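Next up, entry-v2.cif (mmCIF, C-alpha atoms):
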data_upload
#
loop_
_atom_site.label_atom_id
_atom_site.label_comp_id
_atom_site.auth_asym_id
_atom_site.auth_seq_id
_atom_site.Cartn_x
_atom_site.Cartn_y
_atom_site.Cartn_z
CA MET A 1 -77.83 137.92 75.60
CA ILE A 2 -79.75 137.30 72.37
CA ASP A 3 -78.70 134.25 70.37
CA PRO A 4 -77.82 135.66 66.90
CA THR A 5 -78.89 132.39 65.27
CA ALA A 6 -82.38 132.70 66.72
CA ARG A 7 -82.53 136.45 66.05
CA ASP A 8 -81.76 135.98 62.33
CA LYS A 9 -83.82 132.82 61.71
CA HIS A 10 -86.40 134.79 59.71
CA LEU A 11 -83.63 135.81 57.23
CA VAL A 12 -81.92 132.47 56.63
CA GLU A 13 -82.11 130.58 53.34
CA SER A 14 -81.63 126.80 53.39
CA THR A 15 -80.07 124.73 50.62
CA ILE A 16 -82.38 122.29 48.83
CA SER A 17 -79.91 121.20 46.14
CA SER A 18 -76.44 122.17 44.96
CA GLU A 19 -74.81 121.59 41.57
CA LEU A 20 -71.18 122.17 40.66
CA VAL A 21 -71.29 123.84 37.23
CA TYR A 22 -67.60 124.69 36.87
CA GLN A 23 -64.37 123.45 38.46
CA GLY A 24 -61.35 125.63 37.69
CA VAL A 25 -57.78 125.59 38.93
CA PHE A 26 -58.80 127.16 42.25
CA LEU A 27 -62.33 128.55 41.74
CA ARG A 28 -65.56 126.58 41.63
CA VAL A 29 -68.95 127.85 40.47
CA LYS A 30 -72.09 126.41 42.02
CA HIS A 31 -75.78 126.66 41.15
CA ASP A 32 -77.97 126.05 44.19
CA VAL A 33 -81.69 125.92 44.81
CA VAL A 34 -82.64 127.39 48.18
CA ARG A 35 -85.74 127.65 50.32
CA LEU A 36 -86.48 131.25 51.23
CA PRO A 37 -87.73 132.31 54.68
CA ASN A 38 -91.27 132.59 53.25
CA GLY A 39 -91.18 128.95 52.02
CA LYS A 40 -90.75 129.75 48.32
CA THR A 41 -87.68 128.64 46.34
CA ALA A 42 -85.03 130.59 44.46
CA THR A 43 -81.70 129.94 42.74
CA ARG A 44 -78.30 131.12 43.93
CA GLU A 45 -75.19 131.09 41.74
CA HIS A 46 -71.97 131.60 43.64
CA ILE A 47 -68.21 131.24 43.44
CA VAL A 48 -66.41 129.07 45.99
CA HIS A 49 -62.99 130.56 46.77
CA PRO A 50 -60.20 129.14 49.00
CA GLY A 51 -59.64 132.45 50.79
CA ALA A 52 -56.75 134.89 50.74
CA VAL A 53 -54.51 137.17 52.78
CA VAL A 54 -53.62 140.84 52.29
CA ILE A 55 -50.63 142.42 54.01
CA ILE A 56 -50.06 146.05 55.04
CA PRO A 57 -46.23 146.20 55.19
CA LEU A 58 -44.95 149.08 57.35
CA LEU A 59 -41.44 150.29 56.55
CA ASP A 60 -39.26 151.73 59.33
CA ASN A 61 -39.34 155.16 57.64
CA GLY A 62 -43.14 155.38 57.96
CA GLU A 63 -43.93 154.41 54.38
CA VAL A 64 -45.88 151.33 53.27
CA LEU A 65 -45.15 148.86 50.50
CA LEU A 66 -47.57 148.67 47.59
CA GLU A 67 -47.71 146.95 44.23
CA ARG A 68 -48.80 147.80 40.72
CA GLN A 69 -50.24 144.77 38.95
CA TYR A 70 -52.22 144.17 35.76
CA ARG A 71 -55.57 142.51 36.43
CA TYR A 72 -56.89 140.71 33.38
CA PRO A 73 -60.68 140.76 34.09
CA LEU A 74 -60.67 144.58 34.07
CA GLY A 75 -57.78 145.03 31.63
CA GLN A 76 -55.84 147.56 33.68
CA VAL A 77 -53.05 148.01 36.19
CA PHE A 78 -54.14 148.45 39.83
CA ILE A 79 -52.40 149.77 42.93
CA GLU A 80 -52.72 147.15 45.66
CA PHE A 81 -51.28 145.98 48.94
CA PRO A 82 -49.47 142.61 48.61
CA ALA A 83 -51.91 139.71 48.72
CA GLY A 84 -52.44 136.15 47.63
CA LYS A 85 -54.68 133.13 47.94
CA LEU A 86 -54.43 130.48 50.60
CA ASP A 87 -53.00 127.14 49.54
CA ALA A 88 -54.92 124.04 50.66
CA GLY A 89 -54.52 123.60 54.42
CA GLU A 90 -52.36 126.73 54.77
CA ALA A 91 -52.78 128.95 57.84
CA PRO A 92 -53.48 132.62 57.01
CA LEU A 93 -50.31 133.88 58.75
CA ASP A 94 -48.16 131.38 56.83
CA CYS A 95 -49.80 132.57 53.61
CA GLY A 96 -49.09 136.19 54.52
CA LYS A 97 -45.42 135.48 55.23
CA ARG A 98 -45.09 133.52 51.97
CA GLU A 99 -46.84 136.13 49.84
CA LEU A 100 -44.89 139.04 51.33
CA LEU A 101 -41.61 137.31 50.51
CA GLU A 102 -42.67 136.08 47.07
CA GLU A 103 -44.10 139.37 45.86
CA THR A 104 -41.92 141.97 47.56
CA GLY A 105 -38.78 140.15 48.71
CA TYR A 106 -39.36 141.34 52.30
CA THR A 107 -39.67 139.34 55.51
CA ALA A 108 -41.17 140.78 58.69
CA ARG A 109 -40.14 140.41 62.31
CA GLU A 110 -43.59 141.30 63.71
CA TRP A 111 -47.09 140.54 62.53
CA ALA A 112 -50.54 141.66 63.71
CA TYR A 113 -53.89 140.24 62.65
CA ALA A 114 -56.37 143.02 61.91
CA GLY A 115 -59.42 140.94 60.95
CA GLN A 116 -61.14 139.69 57.88
CA MET A 117 -63.22 141.02 55.05
CA HIS A 118 -65.69 139.44 52.66
CA ILE A 119 -65.00 140.86 49.24
CA ALA A 120 -68.28 140.30 47.35
CA ILE A 121 -70.90 138.79 49.65
CA ALA A 122 -73.62 138.53 46.99
CA TYR A 123 -71.79 135.97 44.84
CA THR A 124 -68.73 134.51 46.55
CA ASN A 125 -67.69 133.07 49.90
CA GLU A 126 -64.20 134.60 49.56
CA VAL A 127 -62.72 135.81 52.83
CA ILE A 128 -59.54 137.89 52.95
CA HIS A 129 -57.53 137.96 56.17
CA ILE A 130 -55.87 141.32 56.88
CA TYR A 131 -52.39 141.43 58.42
CA PHE A 132 -49.99 144.22 59.30
CA ALA A 133 -46.25 143.48 59.10
CA LYS A 134 -43.34 145.52 60.48
CA GLY A 135 -39.65 145.13 61.21
CA LEU A 136 -39.14 144.48 57.51
CA THR A 137 -35.92 143.10 56.04
CA LYS A 138 -35.36 143.28 52.30
CA GLY A 139 -34.36 140.14 50.44
CA GLU A 140 -34.95 138.67 47.00
CA ARG A 141 -38.41 138.34 45.47
CA LYS A 142 -39.63 134.87 44.50
CA LEU A 143 -42.39 135.65 42.04
CA ASP A 144 -44.40 132.85 40.47
CA GLU A 145 -43.47 132.42 36.81
CA GLU A 146 -46.86 133.82 35.76
CA GLU A 147 -46.64 136.83 38.10
CA PHE A 148 -45.53 140.30 36.98
CA LEU A 149 -45.74 143.28 39.32
CA ASP A 150 -43.88 146.38 40.44
CA VAL A 151 -43.24 147.06 44.14
CA PHE A 152 -42.95 150.62 45.47
CA ALA A 153 -43.17 152.56 48.72
CA ALA A 154 -45.57 155.38 49.51
CA GLU A 155 -46.51 157.59 52.44
CA PRO A 156 -49.78 156.65 54.16
CA ALA A 157 -51.16 160.09 53.24
CA GLN A 158 -50.57 159.25 49.57
CA VAL A 159 -52.47 155.97 49.94
CA LEU A 160 -55.40 157.84 51.50
CA GLY A 161 -55.29 160.48 48.76
CA TRP A 162 -55.28 157.82 46.05
CA SER A 163 -58.22 156.12 47.79
CA ARG A 164 -60.13 159.41 47.77
CA ASP A 165 -59.33 160.44 44.18
CA GLY A 166 -60.04 157.04 42.59
CA SER A 167 -56.44 156.05 41.82
CA ILE A 168 -57.01 153.10 44.18
CA THR A 169 -60.26 151.24 43.53
CA ASP A 170 -59.34 147.70 44.63
CA SER A 171 -61.69 146.86 47.51
CA LYS A 172 -59.13 145.01 49.66
CA THR A 173 -56.70 147.92 49.36
CA LEU A 174 -59.44 150.43 50.22
CA THR A 175 -60.30 148.39 53.30
CA CYS A 176 -56.62 148.26 54.23
CA ALA A 177 -56.35 152.04 53.79
CA LEU A 178 -59.13 152.42 56.35
CA TRP A 179 -57.30 150.07 58.71
CA LEU A 180 -54.00 151.90 58.13
CA GLN A 181 -55.55 155.30 58.87
CA ASN A 182 -57.17 154.09 62.08
CA TYR A 183 -54.11 152.16 63.24
CA LEU A 184 -51.79 155.14 62.72
CA SER A 185 -54.20 157.49 64.51
CA GLY A 186 -54.32 155.13 67.52
CA ASN A 187 -58.05 154.47 67.13
CA TRP A 188 -57.66 150.78 66.19
CA PRO A 189 -54.80 149.24 68.20
CA LEU A 190 -53.22 145.93 67.17
CA ASP A 191 -51.66 143.04 69.08
CA TRP A 192 -48.22 142.48 67.60
CA THR A 193 -46.45 139.12 67.68
CA VAL A 194 -42.79 138.45 66.96
CA VAL A 195 -42.66 135.71 64.33
CA ALA A 196 -39.62 133.58 63.55
#
Rewrite the structure of this file - the entire thing - as structure tokens.
Amino acid sequence: MIDPTARDKHLVESTISSELVYQGVFLRVKHDVVRLPNGKTATREHIVHPGAVVIIPLLDNGEVLLERQYRYPLGQVFIEFPAGKLDAGEAPLDCGKRELLEETGYTAREWAYAGQMHIAIAYTNEVIHIYFAKGLTKGERKLDEEEFLDVFAAEPAQVLGWSRDGSITDSKTLTCALWLQNYLSGNWPLDWTVVA
């Protein structure tokens, strides 16, 4: 078997220096100088992100839970699957359970890890962990005081249609729509775990 580290050595950039240019509440911006594979130098500006989780909540009637939320950087309301950032030291599954309850009011009896995605590889290290949740029980939402969103249910076919016609443009939700389609068709099976 080929060692991927050795195979990709001719592509790797190495850090010469790194400067923190901005420290926000949870985002940091860095300006690095790197050595390129050809020996020359270049600069790399990137955002350091704590990571996040997105949940695909499956209702017993075959529908999925979605949200409508205003996103300030683009100045519009987006259709999204429930999601949220990891707190310091928090395990992704714990984050998923917390975010599902906070944003939708639901808890789930079973969870399945689908994988991870990197949302914008050219300028951030953000990783989003993708979970499915089923066996949902409705409770009371616990939104953060700065959080405003609507929760609604939709058929998977609607989610796919909205992904096709541009009603859904959020990248994590588009990735989850792909996962949802392949899971429901039986092409991408999941290992489900009962979670207390």
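Proximity ranking of A:His49, A:Val12, A:Tyr70, A:Arg44 relative to A:Lys85 places A:His49 first, based on only C-alpha atoms.
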(message) Could you list, as number ranges by chain, every residue within 8 Å of A:Gly135, counting all atoms listed in the file and ignoring same-chain residues fewer than 2 positions away?
(response) A: 58-60, 108-110, 133, 137
(request) Can you work out the spacing between atom CA of A:Arg28 and atom CA of A:Asp87 in Å, to one decimal? (result) 14.9 Å
(message) Since I can't run it myself right now, could you work out what the PyMOL selection byres ((chain A and resi 184-193) around 12) selects here and report it as a PyMOL selection string?
(response) chain A and resi 58+62-64+93+108-115+130-135+155-157+176-183+194-196
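Among the candidates A:Tyr72, A:Tyr106, A:Tyr123, A:Phe81, the residue lying nearest to A:Ala154 is A:Phe81 (atoms considered: all atoms listed in the file).
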Please provide as a compact mmCIF listing (two decimals) with C-alpha atoms, keeping the file's coordinate frame all residues within 8 Å of A:Gly105, with the sequence filter that same-chain residues fewer than 2 positions apart are discarded (counting all atoms listed in the file).
# COMPACT_ATOMS: atom_id res chain seq x y z
CA LEU A 100 -44.89 139.04 51.33
CA LEU A 101 -41.61 137.31 50.51
CA GLU A 102 -42.67 136.08 47.07
CA GLU A 103 -44.10 139.37 45.86
CA THR A 107 -39.67 139.34 55.51
CA LYS A 138 -35.36 143.28 52.30
CA GLY A 139 -34.36 140.14 50.44
CA GLU A 140 -34.95 138.67 47.00
CA ARG A 141 -38.41 138.34 45.47
CA LYS A 142 -39.63 134.87 44.50
(message) Counting all atoms listed in the file, which residue out of A:Lys9, A:His46, A:Arg68, A:Lys172 sits closest to A:Val29?
(response) A:His46
(request) Skip A:Leu36 itself and residues of its chain fewer than 4 positions away, then list as number ranges by chain all residues within 8 Å of it, counting all atoms listed in the file. (result) A: 12-14, 40-42
(request) Give the answer as one residue: which of A:Gly166, A:Pro37, A:Pro57, A:Gly51 has the shortest atom-to-atom distance to A:Gln116, using only C-alpha atoms? (result) A:Gly51
